[in-house]
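The block underneath contains the structure these notes are about, expressed in structure tokens.
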Amino acid sequence: MKVFVEGARKNLLPNRDRIVFVKDGQEFLPGIQAVAAPGHTVGHTIYMITSDGKSLAAIGDLTHHQVLLVERPRIEFAYDTDPKLSANTRVKVLDMLASDRIPLLAYHFSWPGIGHVAKQGDGFRYHPAPLRMLLDQKA
């Protein structure tokens with residue numbers, strides 16, 4: 001934890017006068033709502049981004065692997081500060097995303113990290129968005 005605390009101090013203290021804390025459910029910018037997702041770290045938050053009636057969930061560190069922790073979301077992950085709470089949060093959020101068919105953005109998943117989750121047995125299954133390539137017509 002010492003390394004994490006040192007890193008936080010190094011990066012956050014010089015910016016402390018510009019840090020704004022947000023609350024669970026708060027729309028802190030137009031179309032961006034904070035959603036508490038406790039367990040990975042104290043205050044871990046995901047963000048629901050909404051535009052033109054469509055939403056996308058930026059899930060942060062909710063899950064670190066698109067297979068292991070999605071298909072078996074109750075696994076306790078070593079890098080969570082509260083593994084049991086994190087597992088419960090993971091199940092709750094993934095269930096909401098699957099039920100409401102909300103796409104997600106997960107930077108820990110394979111590129112491009114955008115897709116959907118669907119209920120599968122006691123867990124979920126991640127379905128990545130199809131890769132769409134635009135070919136340069138001039139080449």
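Labeling convention for the structure tokens: chains A, B, ... as they appear, residues from 1 per chain, ligands from 1 in order of appearance.
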Problem set entry | Within 9 Å of region 86-93 of chain A using only C-alpha atoms, minus same-chain residues under 4 positions, as a PyMOL selection string | chain A and resi 37-41+59+62-63+69-70+73-77+80-82+97-98+123-124
Exercise. Between CA of Val67 (chain A) and CA of Met133 (chain A), what is the spacing in Å?
Worked result: 24.6 Å
Exercise. Leaving out Met96 (chain A) and any residue of its chain fewer than 5 positions from it, which residues lie within 12 Å of it when counting only C-alpha atoms, given as a PyMOL selection string?
Worked result: chain A and resi 48+57+89-91+101-104+116-119+124
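Taking CA of Ile114 (chain A) and CA of Pro130 (chain A) as the two end points, the separation is 9.0 Å.
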Exercise. Could you write out, as a VMD selection string, all the residues of chain A that DSSP marks as strand (DSSP E or B)?
Worked result: chain A and resid 27 to 29 32 to 36 45 to 51 54 to 58 104 to 105 114 to 120 123 to 128
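For the residues A:Arg72, A:Tyr79, A:Tyr47, A:Ser55, ranking by smallest atom-to-atom distance to Met1 (chain A) using only C-alpha atoms places A:Tyr79 first.
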Problem set entry | Who sits within 12 Å of region 10-22 of chain A, only C-alpha atoms, same chain under 5 positions skipped, as a PyMOL selection string | chain A and resi 3-5+27-29+32-36+43-47
Please produce an output containing C-alpha atoms for each residue in the selection, written as a short mmCIF file (atom, residue, chain, number, x, y, z; two decimals), in the first residue's frame.
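Once written, part-v6.cif looks like this:
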data_model
loop_
_atom_site.label_atom_id
_atom_site.label_comp_id
_atom_site.auth_asym_id
_atom_site.auth_seq_id
_atom_site.Cartn_x
_atom_site.Cartn_y
_atom_site.Cartn_z
CA VAL A 3 3.64 2.63 -3.13
CA PHE A 4 -0.04 3.41 -3.85
CA VAL A 5 -0.15 6.08 -1.13
CA GLU A 27 -24.84 14.21 -12.88
CA PHE A 28 -21.67 16.28 -12.58
CA LEU A 29 -21.42 17.15 -16.27
CA ILE A 32 -22.34 12.02 -17.22
CA GLN A 33 -23.57 10.46 -13.98
CA ALA A 34 -21.41 9.04 -11.18
CA VAL A 35 -22.44 5.58 -9.96
CA ALA A 36 -20.89 4.22 -6.76
CA GLY A 43 -14.80 5.46 -3.44
CA HIS A 44 -14.52 3.43 -6.66
CA THR A 45 -16.98 4.92 -9.12
CA ILE A 46 -18.18 4.01 -12.58
CA TYR A 47 -19.74 6.48 -14.99
#
Exercise. Can you list every residue in region 16-132 of chain A that DSSP puts in alpha helix (DSSP H), as a ChimeraX atom specification?
Worked result: /A:68-71,83-100
Exercise. Rounded to one decimal in Å, what is the spacing between CA of Pro112 (chain A) and CA of Leu135 (chain A)?
Worked result: 17.4 Å
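Residue nearest Glu71 (chain A), chosen from A:Leu134, A:Gln120, A:Ser99, A:Ala58 and counting only C-alpha atoms: A:Gln120.
Nearest to Trp111 (chain A) of all the residues A:Ala78, A:Lys84, A:His65, A:Arg125 is A:His65, counting only C-alpha atoms.
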